[in-house]
Amino acid sequence: MARTVMVTGGGTGLGKAAALRFAREGDRVAICGRRTEVLEAASREIAAAGAEGVAIFTCDVRYDDDVAKMAAAVHERWGALDVLLANAAGNFVCPAEKLSPNGWKAVIEIVLNGTFFCCSAFGRKMIEAHAADGRGRSIVTVVADYAWAAGPGVIHSASAKAGVLALTRTLAVEWARHGIRANAVSPGPFRSEGTDKNLWLDETLAREIVESIPLRRYTTPAEVAESIAFLADESKAGYITGACLPVDGGHWLTGSHLGFLDAIARAAKP
Ligand code: COA
């Protein structure tokens with residue numbers, strides 16, 4: 001049966017890979033992001049991949065009123081979500097002592113507040129729907145290994161992702177009685193146009209990062225999307241809640257993020 005899925009930040013990167021993965025199962029897929037033209041291009045790909053329906057929303061998840069309006073519009077069109085993938089994020093490298101209050105706020109607002117606003121707005125409707133139909137539903141969030149370790153060079157994102165992990169585990173307990181499972185994925189380093197511009201600033205650094213990963217390669221968005229699809233699937237992961245699944249080639253086990261994020265911060269020379 002086709003599910004209703006919302007992917008925040010679904011126009012690019014990991015969000016788009018996950019949206020395409022859900023589309024291949026024939027789900028109804030809504031995506032949101034800040035740039036309409038990017039969403040429109042992604043929506044054509046999602047439709048071509050087999051989605052039963054596609055909806056796009058130009059919405060910045062920092063603004064709770066806009067998120068509430070988006071949740072109401074999705075609900076009116078398709079009813080409550082079966083799956084929320086709270087993926088929207090923003091990040092840049094900046095040593096803590098150089099980070100301005102506005103830089104701190106921008107990332108905390110997008111990553112932590114935005115994730116809560118989406119879980120809250122969509123979650124309320126999922127709770128109502130569960131009271132009526134008793135079906136299981138799922139929230140998946142996206143964190144990083146620096147949510148539980150240290151994130152030198154990205155103190156704002158590390159602090160926000162630690163909050164997202166706590167939020168995920170808390171919802172797993174609070175909303176279990178409403179049939180909602182909440183899990184996180186923690187992708188390892190991956191390469192994209194965006195990361196090459198903002199994070200892995202040259203080939204030497206890109207190589208150093210690969211050498212710090214036990215499986216010696218970058219994660220791909222498609223394989224992280226597979227893990228998201230698994231966690232979201234009631235028939236496969238119906239007894240899994242409050243988990244955080246690293247999809248990182250063993251990267252978090254080495255503690256090497258301490259070294260590589262320091263290297264990134266040095267290379268960025270802001
Ligand atoms: N280094 C230092 N400070 C930075 C910065 C950087 N690379 N990028 C943004 N900031 C600061 C700005 O200077 C500003 O602070 P100020 O008013 O004290 O100068 C504050 O952050 C907000 O910047 P602004 O560009 O207005 O933010 P925004 O709200 O439009 O967007 C981001 C914030 C994080 C989304 C933006 O940095 C961005 O677009 N990043 C790249 C895309 C991205 O993050 N993709 C996801 C990767 S996970």
# chains A, B, ... in the order shown; residues from 1 in each chain; ligands from 1
call {"tool": "residues_around", "arguments": {"residues": "Arg135 (chain A)", "least_positions_apart": "6", "cutoff": "12 Å", "atoms": "only C-alpha atoms", "output": "PyMOL selection string"}}
result
chain A and resi 3+80-83+126-129+176-181+234-235+238
call {"tool": "residues_near_ligand", "arguments": {"ligand": "ligand 1", "cutoff": "7 Å", "atoms": "only C-alpha atoms and all ligand atoms", "output": "list in words"}}
result
Ala89, Gly90, Asn91, Phe92, Val93, Cys94, Leu99, Ser100, Pro101, Asn102, Gly103, Trp104, Ala106, Val107, Gly194, Asn198 and Pro270 of chain A
call {"tool": "write_last_selection", "arguments": {"atoms": "N, CA and C atoms", "output": "PDB file, in the first residue's frame"}}
result
ATOM      1  N   ALA A  89      18.884  20.523   6.853  1.00  0.00           N
ATOM      2  CA  ALA A  89      20.001  20.943   7.703  1.00  0.00           C
ATOM      3  C   ALA A  89      20.783  22.057   7.033  1.00  0.00           C
ATOM      4  N   GLY A  90      21.606  22.714   7.794  1.00  0.00           N
ATOM      5  CA  GLY A  90      22.522  23.715   7.248  1.00  0.00           C
ATOM      6  C   GLY A  90      23.797  23.638   8.061  1.00  0.00           C
ATOM      7  N   ASN A  91      24.925  23.880   7.420  1.00  0.00           N
ATOM      8  CA  ASN A  91      26.189  23.712   8.127  1.00  0.00           C
ATOM      9  C   ASN A  91      27.276  24.494   7.417  1.00  0.00           C
ATOM     10  N   PHE A  92      28.252  24.942   8.148  1.00  0.00           N
ATOM     11  CA  PHE A  92      29.474  25.477   7.550  1.00  0.00           C
ATOM     12  C   PHE A  92      30.574  25.332   8.582  1.00  0.00           C
ATOM     13  N   VAL A  93      31.810  25.354   8.101  1.00  0.00           N
ATOM     14  CA  VAL A  93      32.938  25.172   9.010  1.00  0.00           C
ATOM     15  C   VAL A  93      33.386  26.517   9.555  1.00  0.00           C
ATOM     16  N   CYS A  94      33.524  26.608  10.864  1.00  0.00           N
ATOM     17  CA  CYS A  94      33.983  27.850  11.474  1.00  0.00           C
ATOM     18  C   CYS A  94      34.493  27.526  12.885  1.00  0.00           C
ATOM     19  N   LEU A  99      32.926  32.074  15.522  1.00  0.00           N
ATOM     20  CA  LEU A  99      31.506  31.928  15.142  1.00  0.00           C
ATOM     21  C   LEU A  99      30.689  33.074  15.761  1.00  0.00           C
ATOM     22  N   SER A 100      29.925  33.785  14.917  1.00  0.00           N
ATOM     23  CA  SER A 100      29.119  34.899  15.430  1.00  0.00           C
ATOM     24  C   SER A 100      27.810  34.360  16.019  1.00  0.00           C
ATOM     25  N   PRO A 101      27.163  35.156  16.888  1.00  0.00           N
ATOM     26  CA  PRO A 101      25.859  34.725  17.406  1.00  0.00           C
ATOM     27  C   PRO A 101      24.873  34.386  16.279  1.00  0.00           C
ATOM     28  N   ASN A 102      24.906  35.161  15.188  1.00  0.00           N
ATOM     29  CA  ASN A 102      23.977  34.865  14.078  1.00  0.00           C
ATOM     30  C   ASN A 102      24.312  33.562  13.379  1.00  0.00           C
ATOM     31  N   GLY A 103      25.607  33.271  13.261  1.00  0.00           N
ATOM     32  CA  GLY A 103      26.020  32.001  12.650  1.00  0.00           C
ATOM     33  C   GLY A 103      25.562  30.826  13.508  1.00  0.00           C
ATOM     34  N   TRP A 104      25.756  30.954  14.826  1.00  0.00           N
ATOM     35  CA  TRP A 104      25.268  29.927  15.769  1.00  0.00           C
ATOM     36  C   TRP A 104      23.761  29.739  15.606  1.00  0.00           C
ATOM     37  N   ALA A 106      21.733  30.538  13.145  1.00  0.00           N
ATOM     38  CA  ALA A 106      21.255  30.029  11.842  1.00  0.00           C
ATOM     39  C   ALA A 106      21.242  28.505  11.852  1.00  0.00           C
ATOM     40  N   VAL A 107      22.330  27.896  12.321  1.00  0.00           N
ATOM     41  CA  VAL A 107      22.417  26.425  12.272  1.00  0.00           C
ATOM     42  C   VAL A 107      21.520  25.790  13.330  1.00  0.00           C
ATOM     43  N   GLY A 194      28.268  20.191  -2.842  1.00  0.00           N
ATOM     44  CA  GLY A 194      28.168  21.029  -1.643  1.00  0.00           C
ATOM     45  C   GLY A 194      29.286  20.745  -0.656  1.00  0.00           C
ATOM     46  N   ASN A 198      32.034  23.291   0.692  1.00  0.00           N
ATOM     47  CA  ASN A 198      31.953  23.772   2.077  1.00  0.00           C
ATOM     48  C   ASN A 198      32.799  22.986   3.073  1.00  0.00           C
ATOM     49  N   PRO A 270      38.964  30.656   8.097  1.00  0.00           N
ATOM     50  CA  PRO A 270      37.988  31.746   7.981  1.00  0.00           C
ATOM     51  C   PRO A 270      38.493  33.058   8.586  1.00  0.00           C
TER      52      PRO A 270
END
call {"tool": "residues_around", "arguments": {"residues": "Ala225 (chain A)", "least_positions_apart": "2", "cutoff": "8 Å", "atoms": "only C-alpha atoms", "output": "ChimeraX atom specification"}}
result
/A:14,17-18,21,221-223,227-229
call {"tool": "write_last_selection", "arguments": {"atoms": "N, CA and C atoms", "output": "mmCIF file, in the first residue's frame"}}
result
data_model
loop_
_atom_site.group_PDB
_atom_site.id
_atom_site.type_symbol
_atom_site.label_atom_id
_atom_site.label_comp_id
_atom_site.auth_asym_id
_atom_site.auth_seq_id
_atom_site.Cartn_x
_atom_site.Cartn_y
_atom_site.Cartn_z
ATOM 1 N N LEU A 14 21.216 13.957 0.276
ATOM 2 C CA LEU A 14 20.658 12.787 0.943
ATOM 3 C C LEU A 14 19.128 12.798 0.919
ATOM 4 N N ALA A 17 17.946 11.636 -2.423
ATOM 5 C CA ALA A 17 18.190 10.184 -2.585
ATOM 6 C C ALA A 17 17.123 9.387 -1.833
ATOM 7 N N ALA A 18 16.773 9.850 -0.638
ATOM 8 C CA ALA A 18 15.755 9.135 0.142
ATOM 9 C C ALA A 18 14.380 9.282 -0.512
ATOM 10 N N ARG A 21 14.162 6.919 -3.250
ATOM 11 C CA ARG A 21 14.029 5.544 -2.732
ATOM 12 C C ARG A 21 12.565 5.248 -2.363
ATOM 13 N N PRO A 221 24.948 8.731 -0.720
ATOM 14 C CA PRO A 221 23.579 9.059 -0.305
ATOM 15 C C PRO A 221 22.617 7.901 -0.544
ATOM 16 N N ALA A 222 22.829 7.138 -1.645
ATOM 17 C CA ALA A 222 21.902 6.035 -1.953
ATOM 18 C C ALA A 222 21.945 4.964 -0.876
ATOM 19 N N GLU A 223 23.140 4.683 -0.326
ATOM 20 C CA GLU A 223 23.170 3.615 0.693
ATOM 21 C C GLU A 223 22.637 4.109 2.031
ATOM 22 N N SER A 227 19.160 2.594 4.337
ATOM 23 C CA SER A 227 18.985 2.425 5.784
ATOM 24 C C SER A 227 17.782 3.223 6.288
ATOM 25 N N ILE A 228 17.572 4.389 5.700
ATOM 26 C CA ILE A 228 16.395 5.187 6.068
ATOM 27 C C ILE A 228 15.126 4.413 5.695
ATOM 28 N N ALA A 229 15.134 3.849 4.487
ATOM 29 C CA ALA A 229 13.961 3.083 4.028
ATOM 30 C C ALA A 229 13.695 1.904 4.958
#
call {"tool": "select_by_dssp", "arguments": {"residues": "region 37-208 of chain A", "states": "strand (DSSP E)", "output": "MDAnalysis selection string"}}
result
chainID A and resid 53:58 83:86 137:142 180:187
call {"tool": "closest_atom_pairs", "arguments": {"of": "region 32-59 of chain A", "to": "region 113-118 of chain A", "cutoff": "12 Å", "atoms": "only C-alpha atoms", "output": "Markdown table"}}
result
| residue | atom | partner | partner_atom | distance |
| --- | --- | --- | --- | --- |
| A:Cys32 | CA | A:Cys118 | CA | 11.0 |
| A:Gly33 | CA | A:Gly114 | CA | 11.6 |
| A:Cys59 | CA | A:Gly114 | CA | 10.6 |
call {"tool": "select_by_dssp", "arguments": {"residues": "region 45-258 of chain A", "states": "alpha helix (DSSP H)", "output": "PyMOL selection string"}}
result
chain A and resi 45-48+64-78+101-108+114-133+155-174+193-198+203-211+221-232+234-237+251-254+257-258
call {"tool": "residues_around", "arguments": {"residues": "Thr219 (chain A)", "least_positions_apart": "4", "cutoff": "12 Å", "atoms": "only C-alpha atoms", "output": "compact mmCIF listing (two decimals) with N, CA and C atoms, in the first residue's frame"}}
result
# COMPACT_ATOMS: atom_id res chain seq x y z
N LEU A 14 21.22 13.96 0.28
CA LEU A 14 20.66 12.79 0.94
C LEU A 14 19.13 12.80 0.92
N SER A 186 22.96 8.02 11.12
CA SER A 186 24.15 8.87 11.23
C SER A 186 25.08 8.57 10.06
N PRO A 187 24.91 9.34 8.97
CA PRO A 187 25.74 9.09 7.79
C PRO A 187 27.19 9.44 8.07
N GLY A 188 28.10 8.68 7.45
CA GLY A 188 29.51 9.06 7.49
C GLY A 188 29.78 10.14 6.46
N PRO A 189 31.05 10.53 6.34
CA PRO A 189 31.37 11.57 5.36
C PRO A 189 30.97 11.13 3.95
N PHE A 190 30.32 12.02 3.21
CA PHE A 190 30.12 11.73 1.78
C PHE A 190 30.48 12.94 0.95
N ARG A 191 30.71 12.71 -0.34
CA ARG A 191 31.14 13.78 -1.23
C ARG A 191 30.00 14.22 -2.12
N SER A 192 29.86 15.50 -2.27
CA SER A 192 28.90 16.07 -3.21
C SER A 192 29.48 17.43 -3.61
N ILE A 209 40.51 12.14 4.57
CA ILE A 209 39.24 11.71 5.16
C ILE A 209 38.97 10.25 4.82
N VAL A 210 39.18 9.88 3.55
CA VAL A 210 38.97 8.48 3.17
C VAL A 210 39.86 7.56 3.99
N ILE A 213 38.55 6.40 7.33
CA ILE A 213 37.34 5.57 7.38
C ILE A 213 37.76 4.09 7.27
N PRO A 214 37.41 3.23 8.25
CA PRO A 214 37.83 1.83 8.18
C PRO A 214 37.51 1.17 6.83
N LEU A 215 36.36 1.42 6.24
CA LEU A 215 36.03 0.78 4.96
C LEU A 215 36.62 1.53 3.75
N GLU A 223 23.14 4.68 -0.33
CA GLU A 223 23.17 3.62 0.69
C GLU A 223 22.64 4.11 2.03
N VAL A 224 22.77 5.40 2.31
CA VAL A 224 22.14 5.94 3.53
C VAL A 224 20.62 5.88 3.35
N ALA A 225 20.17 6.17 2.12
CA ALA A 225 18.73 6.11 1.83
C ALA A 225 18.18 4.70 2.07
N GLU A 226 18.98 3.68 1.76
CA GLU A 226 18.53 2.29 2.01
C GLU A 226 18.28 2.08 3.50
N SER A 227 19.16 2.59 4.34
CA SER A 227 18.99 2.42 5.78
C SER A 227 17.78 3.22 6.29
N PRO A 246 24.51 4.12 12.60
CA PRO A 246 25.59 4.72 11.81
C PRO A 246 25.71 4.02 10.46
N VAL A 247 25.78 4.81 9.40
CA VAL A 247 25.98 4.26 8.04
C VAL A 247 27.24 4.96 7.55
N ASP A 248 28.36 4.51 8.10
CA ASP A 248 29.57 5.33 8.01
C ASP A 248 30.86 4.55 7.80
N GLY A 249 30.75 3.30 7.36
CA GLY A 249 31.98 2.52 7.11
C GLY A 249 32.82 2.33 8.36
N GLY A 250 32.21 2.45 9.52
CA GLY A 250 32.95 2.27 10.78
C GLY A 250 33.65 3.53 11.26
N HIS A 251 33.34 4.65 10.61
CA HIS A 251 34.07 5.88 10.92
C HIS A 251 33.99 6.30 12.38
call {"tool": "closest_residue", "arguments": {"among": "A:Leu205, A:Arg62, A:Ser43, A:Arg28", "to": "Val74 (chain A)", "atoms": "only C-alpha atoms"}}
result
A:Arg28
call {"tool": "residues_around", "arguments": {"residues": "Gly26 (chain A)", "least_positions_apart": "3", "cutoff": "10 Å", "atoms": "only C-alpha atoms", "output": "PyMOL selection string"}}
result
chain A and resi 1-4+20-23+29+46-47+49-53
call {"tool": "write_last_selection", "arguments": {"atoms": "N, CA, C and O atoms", "output": "short mmCIF file (atom, residue, chain, number, x, y, z; two decimals), in the first residue's frame"}}
result
data_model
loop_
_atom_site.label_atom_id
_atom_site.label_comp_id
_atom_site.auth_asym_id
_atom_site.auth_seq_id
_atom_site.Cartn_x
_atom_site.Cartn_y
_atom_site.Cartn_z
N MET A 1 0.85 -1.20 0.00
CA MET A 1 0.00 0.00 0.00
C MET A 1 0.89 1.25 0.00
O MET A 1 1.85 1.31 0.76
N ALA A 2 0.56 2.19 -0.87
CA ALA A 2 1.37 3.41 -0.94
C ALA A 2 1.30 4.16 0.39
O ALA A 2 0.24 4.30 0.97
N ARG A 3 2.46 4.62 0.84
CA ARG A 3 2.51 5.41 2.08
C ARG A 3 2.63 6.89 1.72
O ARG A 3 3.03 7.26 0.62
N THR A 4 2.29 7.73 2.69
CA THR A 4 2.51 9.17 2.53
C THR A 4 3.78 9.52 3.29
O THR A 4 3.91 9.25 4.48
N LEU A 20 13.75 9.62 -3.64
CA LEU A 20 13.73 8.72 -4.81
C LEU A 20 13.55 7.27 -4.38
O LEU A 20 12.85 6.50 -5.02
N ARG A 21 14.16 6.92 -3.25
CA ARG A 21 14.03 5.54 -2.73
C ARG A 21 12.57 5.25 -2.36
O ARG A 21 12.04 4.17 -2.66
N PHE A 22 11.92 6.21 -1.69
CA PHE A 22 10.50 6.03 -1.36
C PHE A 22 9.66 5.99 -2.63
O PHE A 22 8.70 5.21 -2.75
N ALA A 23 10.01 6.83 -3.61
CA ALA A 23 9.26 6.86 -4.87
C ALA A 23 9.31 5.51 -5.57
O ALA A 23 8.31 5.06 -6.14
N VAL A 29 5.07 11.17 -2.23
CA VAL A 29 6.24 11.81 -1.63
C VAL A 29 6.11 13.33 -1.68
O VAL A 29 5.94 13.92 -2.76
N ILE A 46 11.43 12.49 -9.00
CA ILE A 46 10.69 11.65 -8.04
C ILE A 46 9.48 11.03 -8.74
O ILE A 46 9.17 9.85 -8.56
N ALA A 47 8.81 11.83 -9.57
CA ALA A 47 7.66 11.30 -10.32
C ALA A 47 8.12 10.20 -11.28
O ALA A 47 7.50 9.12 -11.36
N ALA A 49 10.57 8.27 -10.96
CA ALA A 49 11.02 7.07 -10.23
C ALA A 49 9.85 6.19 -9.79
O ALA A 49 10.06 5.10 -9.30
N GLY A 50 8.61 6.71 -9.93
CA GLY A 50 7.46 5.84 -9.64
C GLY A 50 6.57 6.28 -8.50
O GLY A 50 5.68 5.52 -8.09
N ALA A 51 6.76 7.49 -7.97
CA ALA A 51 5.91 7.95 -6.86
C ALA A 51 4.45 8.00 -7.30
O ALA A 51 4.15 8.39 -8.44
N GLU A 52 3.57 7.62 -6.39
CA GLU A 52 2.14 7.69 -6.73
C GLU A 52 1.68 9.14 -6.83
O GLU A 52 0.76 9.47 -7.58
N GLY A 53 2.32 10.01 -6.07
CA GLY A 53 2.04 11.45 -6.13
C GLY A 53 3.26 12.19 -5.61
O GLY A 53 4.05 11.65 -4.84
#
call {"tool": "residues_around", "arguments": {"residues": "region 157-174 of chain A", "least_positions_apart": "6", "cutoff": "7 Å", "atoms": "only C-alpha atoms", "output": "list in words"}}
result
Asn91, Val107, Ile108, Val111, Leu112, Thr141, Val143, Ala144, Tyr146, Ala147, Trp148, Ala150, Gly151, Arg181, Ala182, Asn183, Ala184, Thr241 and Gly242 of chain A
call {"tool": "write_last_selection", "arguments": {"atoms": "N, CA, C and O atoms", "output": "PDB file, in the first residue's frame"}}
result
ATOM      1  N   ASN A  91      24.925  23.880   7.420  1.00  0.00           N
ATOM      2  CA  ASN A  91      26.189  23.712   8.127  1.00  0.00           C
ATOM      3  C   ASN A  91      27.276  24.494   7.417  1.00  0.00           C
ATOM      4  O   ASN A  91      27.198  24.722   6.208  1.00  0.00           O
ATOM      5  N   VAL A 107      22.330  27.896  12.321  1.00  0.00           N
ATOM      6  CA  VAL A 107      22.417  26.425  12.272  1.00  0.00           C
ATOM      7  C   VAL A 107      21.520  25.790  13.330  1.00  0.00           C
ATOM      8  O   VAL A 107      20.815  24.806  13.055  1.00  0.00           O
ATOM      9  N   ILE A 108      21.507  26.346  14.537  1.00  0.00           N
ATOM     10  CA  ILE A 108      20.639  25.788  15.588  1.00  0.00           C
ATOM     11  C   ILE A 108      19.171  25.881  15.135  1.00  0.00           C
ATOM     12  O   ILE A 108      18.386  24.946  15.324  1.00  0.00           O
ATOM     13  N   VAL A 111      18.593  23.279  12.143  1.00  0.00           N
ATOM     14  CA  VAL A 111      18.783  21.851  12.457  1.00  0.00           C
ATOM     15  C   VAL A 111      17.927  21.434  13.659  1.00  0.00           C
ATOM     16  O   VAL A 111      17.167  20.456  13.573  1.00  0.00           O
ATOM     17  N   LEU A 112      18.051  22.150  14.769  1.00  0.00           N
ATOM     18  CA  LEU A 112      17.361  21.693  15.983  1.00  0.00           C
ATOM     19  C   LEU A 112      15.907  22.185  16.024  1.00  0.00           C
ATOM     20  O   LEU A 112      14.969  21.385  16.134  1.00  0.00           O
ATOM     21  N   THR A 141      15.228  10.765  11.788  1.00  0.00           N
ATOM     22  CA  THR A 141      16.011  12.001  11.802  1.00  0.00           C
ATOM     23  C   THR A 141      17.426  11.699  11.307  1.00  0.00           C
ATOM     24  O   THR A 141      17.825  10.540  11.202  1.00  0.00           O
ATOM     25  N   VAL A 143      21.439  12.535  11.978  1.00  0.00           N
ATOM     26  CA  VAL A 143      22.435  13.135  12.860  1.00  0.00           C
ATOM     27  C   VAL A 143      23.830  12.919  12.258  1.00  0.00           C
ATOM     28  O   VAL A 143      23.969  12.768  11.042  1.00  0.00           O
ATOM     29  N   ALA A 144      24.849  12.963  13.084  1.00  0.00           N
ATOM     30  CA  ALA A 144      26.228  12.748  12.638  1.00  0.00           C
ATOM     31  C   ALA A 144      26.980  12.249  13.864  1.00  0.00           C
ATOM     32  O   ALA A 144      26.509  12.451  14.991  1.00  0.00           O
ATOM     33  N   TYR A 146      29.379  13.338  15.369  1.00  0.00           N
ATOM     34  CA  TYR A 146      29.732  14.383  16.335  1.00  0.00           C
ATOM     35  C   TYR A 146      28.553  14.776  17.241  1.00  0.00           C
ATOM     36  O   TYR A 146      28.710  15.612  18.116  1.00  0.00           O
ATOM     37  N   ALA A 147      27.400  14.136  17.038  1.00  0.00           N
ATOM     38  CA  ALA A 147      26.287  14.359  17.985  1.00  0.00           C
ATOM     39  C   ALA A 147      26.610  13.756  19.352  1.00  0.00           C
ATOM     40  O   ALA A 147      26.100  14.205  20.367  1.00  0.00           O
ATOM     41  N   TRP A 148      27.453  12.704  19.372  1.00  0.00           N
ATOM     42  CA  TRP A 148      27.786  12.095  20.666  1.00  0.00           C
ATOM     43  C   TRP A 148      29.282  12.175  20.959  1.00  0.00           C
ATOM     44  O   TRP A 148      29.736  11.704  21.992  1.00  0.00           O
ATOM     45  N   ALA A 150      32.686  14.840  19.513  1.00  0.00           N
ATOM     46  CA  ALA A 150      33.020  16.260  19.454  1.00  0.00           C
ATOM     47  C   ALA A 150      33.026  16.670  17.994  1.00  0.00           C
ATOM     48  O   ALA A 150      33.335  15.860  17.119  1.00  0.00           O
ATOM     49  N   GLY A 151      32.708  17.913  17.729  1.00  0.00           N
ATOM     50  CA  GLY A 151      32.687  18.396  16.354  1.00  0.00           C
ATOM     51  C   GLY A 151      33.544  19.627  16.184  1.00  0.00           C
ATOM     52  O   GLY A 151      33.016  20.706  15.906  1.00  0.00           O
ATOM     53  N   ARG A 181       7.236   5.224  15.767  1.00  0.00           N
ATOM     54  CA  ARG A 181       8.631   4.907  16.055  1.00  0.00           C
ATOM     55  C   ARG A 181       9.503   6.089  15.617  1.00  0.00           C
ATOM     56  O   ARG A 181       9.191   6.749  14.624  1.00  0.00           O
ATOM     57  N   ALA A 182      10.557   6.357  16.387  1.00  0.00           N
ATOM     58  CA  ALA A 182      11.471   7.445  16.017  1.00  0.00           C
ATOM     59  C   ALA A 182      12.897   6.925  16.068  1.00  0.00           C
ATOM     60  O   ALA A 182      13.341   6.403  17.101  1.00  0.00           O
ATOM     61  N   ASN A 183      13.588   7.016  14.952  1.00  0.00           N
ATOM     62  CA  ASN A 183      14.964   6.533  14.853  1.00  0.00           C
ATOM     63  C   ASN A 183      15.819   7.559  14.115  1.00  0.00           C
ATOM     64  O   ASN A 183      15.290   8.412  13.391  1.00  0.00           O
ATOM     65  N   ALA A 184      17.131   7.447  14.306  1.00  0.00           N
ATOM     66  CA  ALA A 184      18.062   8.346  13.614  1.00  0.00           C
ATOM     67  C   ALA A 184      19.014   7.535  12.745  1.00  0.00           C
ATOM     68  O   ALA A 184      19.326   6.389  13.064  1.00  0.00           O
ATOM     69  N   THR A 241      12.901   1.199  17.732  1.00  0.00           N
ATOM     70  CA  THR A 241      12.616   2.605  17.994  1.00  0.00           C
ATOM     71  C   THR A 241      13.670   3.155  18.943  1.00  0.00           C
ATOM     72  O   THR A 241      14.217   2.422  19.776  1.00  0.00           O
ATOM     73  N   GLY A 242      13.996   4.430  18.773  1.00  0.00           N
ATOM     74  CA  GLY A 242      15.022   5.073  19.601  1.00  0.00           C
ATOM     75  C   GLY A 242      16.435   4.689  19.200  1.00  0.00           C
ATOM     76  O   GLY A 242      17.390   5.005  19.907  1.00  0.00           O
TER      77      GLY A 242
END
call {"tool": "atom_distance", "arguments": {"atom1": "CA of Asp66 (chain A)", "atom2": "CA of Val142 (chain A)"}}
result
21.1 Å
call {"tool": "closest_residue", "arguments": {"among": "A:Glu208, A:Asp233, A:Ser120, A:Tyr63", "to": "Asp27 (chain A)", "atoms": "only C-alpha atoms"}}
result
A:Asp233
call {"tool": "decode", "arguments": {"residues": "region 128-133 of chain A", "atoms": "all heavy atoms", "output": "PDB file, in the first residue's frame"}}
result
ATOM      1  N   GLU A 128      -3.234  11.766  15.874  1.00  0.00           N
ATOM      2  CA  GLU A 128      -4.694  11.723  15.631  1.00  0.00           C
ATOM      3  C   GLU A 128      -5.062  10.539  14.733  1.00  0.00           C
ATOM      4  O   GLU A 128      -6.031   9.827  14.973  1.00  0.00           O
ATOM      5  CB  GLU A 128      -5.156  13.003  14.906  1.00  0.00           C
ATOM      6  CG  GLU A 128      -5.312  14.210  15.798  1.00  0.00           C
ATOM      7  CD  GLU A 128      -5.478  15.485  14.957  1.00  0.00           C
ATOM      8  OE1 GLU A 128      -5.923  15.409  13.767  1.00  0.00           O
ATOM      9  OE2 GLU A 128      -5.128  16.545  15.487  1.00  0.00           O
ATOM     10  N   ALA A 129      -4.247  10.349  13.680  1.00  0.00           N
ATOM     11  CA  ALA A 129      -4.555   9.273  12.730  1.00  0.00           C
ATOM     12  C   ALA A 129      -4.430   7.918  13.410  1.00  0.00           C
ATOM     13  O   ALA A 129      -5.241   7.014  13.174  1.00  0.00           O
ATOM     14  CB  ALA A 129      -3.609   9.357  11.528  1.00  0.00           C
ATOM     15  N   HIS A 130      -3.412   7.769  14.262  1.00  0.00           N
ATOM     16  CA  HIS A 130      -3.233   6.485  14.953  1.00  0.00           C
ATOM     17  C   HIS A 130      -4.415   6.193  15.876  1.00  0.00           C
ATOM     18  O   HIS A 130      -4.856   5.035  15.997  1.00  0.00           O
ATOM     19  CB  HIS A 130      -1.925   6.492  15.757  1.00  0.00           C
ATOM     20  CG  HIS A 130      -1.705   5.219  16.516  1.00  0.00           C
ATOM     21  ND1 HIS A 130      -2.014   5.088  17.858  1.00  0.00           N
ATOM     22  CD2 HIS A 130      -1.243   4.012  16.104  1.00  0.00           C
ATOM     23  CE1 HIS A 130      -1.738   3.846  18.229  1.00  0.00           C
ATOM     24  NE2 HIS A 130      -1.272   3.180  17.202  1.00  0.00           N
ATOM     25  N   ALA A 131      -4.968   7.248  16.494  1.00  0.00           N
ATOM     26  CA  ALA A 131      -6.135   7.047  17.375  1.00  0.00           C
ATOM     27  C   ALA A 131      -7.308   6.497  16.563  1.00  0.00           C
ATOM     28  O   ALA A 131      -8.143   5.739  17.077  1.00  0.00           O
ATOM     29  CB  ALA A 131      -6.508   8.368  18.042  1.00  0.00           C
ATOM     30  N   ALA A 132      -7.360   6.877  15.271  1.00  0.00           N
ATOM     31  CA  ALA A 132      -8.476   6.430  14.436  1.00  0.00           C
ATOM     32  C   ALA A 132      -8.221   5.079  13.778  1.00  0.00           C
ATOM     33  O   ALA A 132      -9.144   4.270  13.647  1.00  0.00           O
ATOM     34  CB  ALA A 132      -8.751   7.488  13.349  1.00  0.00           C
ATOM     35  N   ASP A 133      -6.951   4.815  13.354  1.00  0.00           N
ATOM     36  CA  ASP A 133      -6.739   3.585  12.564  1.00  0.00           C
ATOM     37  C   ASP A 133      -5.774   2.578  13.205  1.00  0.00           C
ATOM     38  O   ASP A 133      -5.626   1.466  12.692  1.00  0.00           O
ATOM     39  CB  ASP A 133      -6.276   3.929  11.133  1.00  0.00           C
ATOM     40  CG  ASP A 133      -4.913   4.614  11.094  1.00  0.00           C
ATOM     41  OD1 ASP A 133      -4.164   4.525  12.071  1.00  0.00           O
ATOM     42  OD2 ASP A 133      -4.592   5.243  10.059  1.00  0.00           O
TER      43      ASP A 133
END
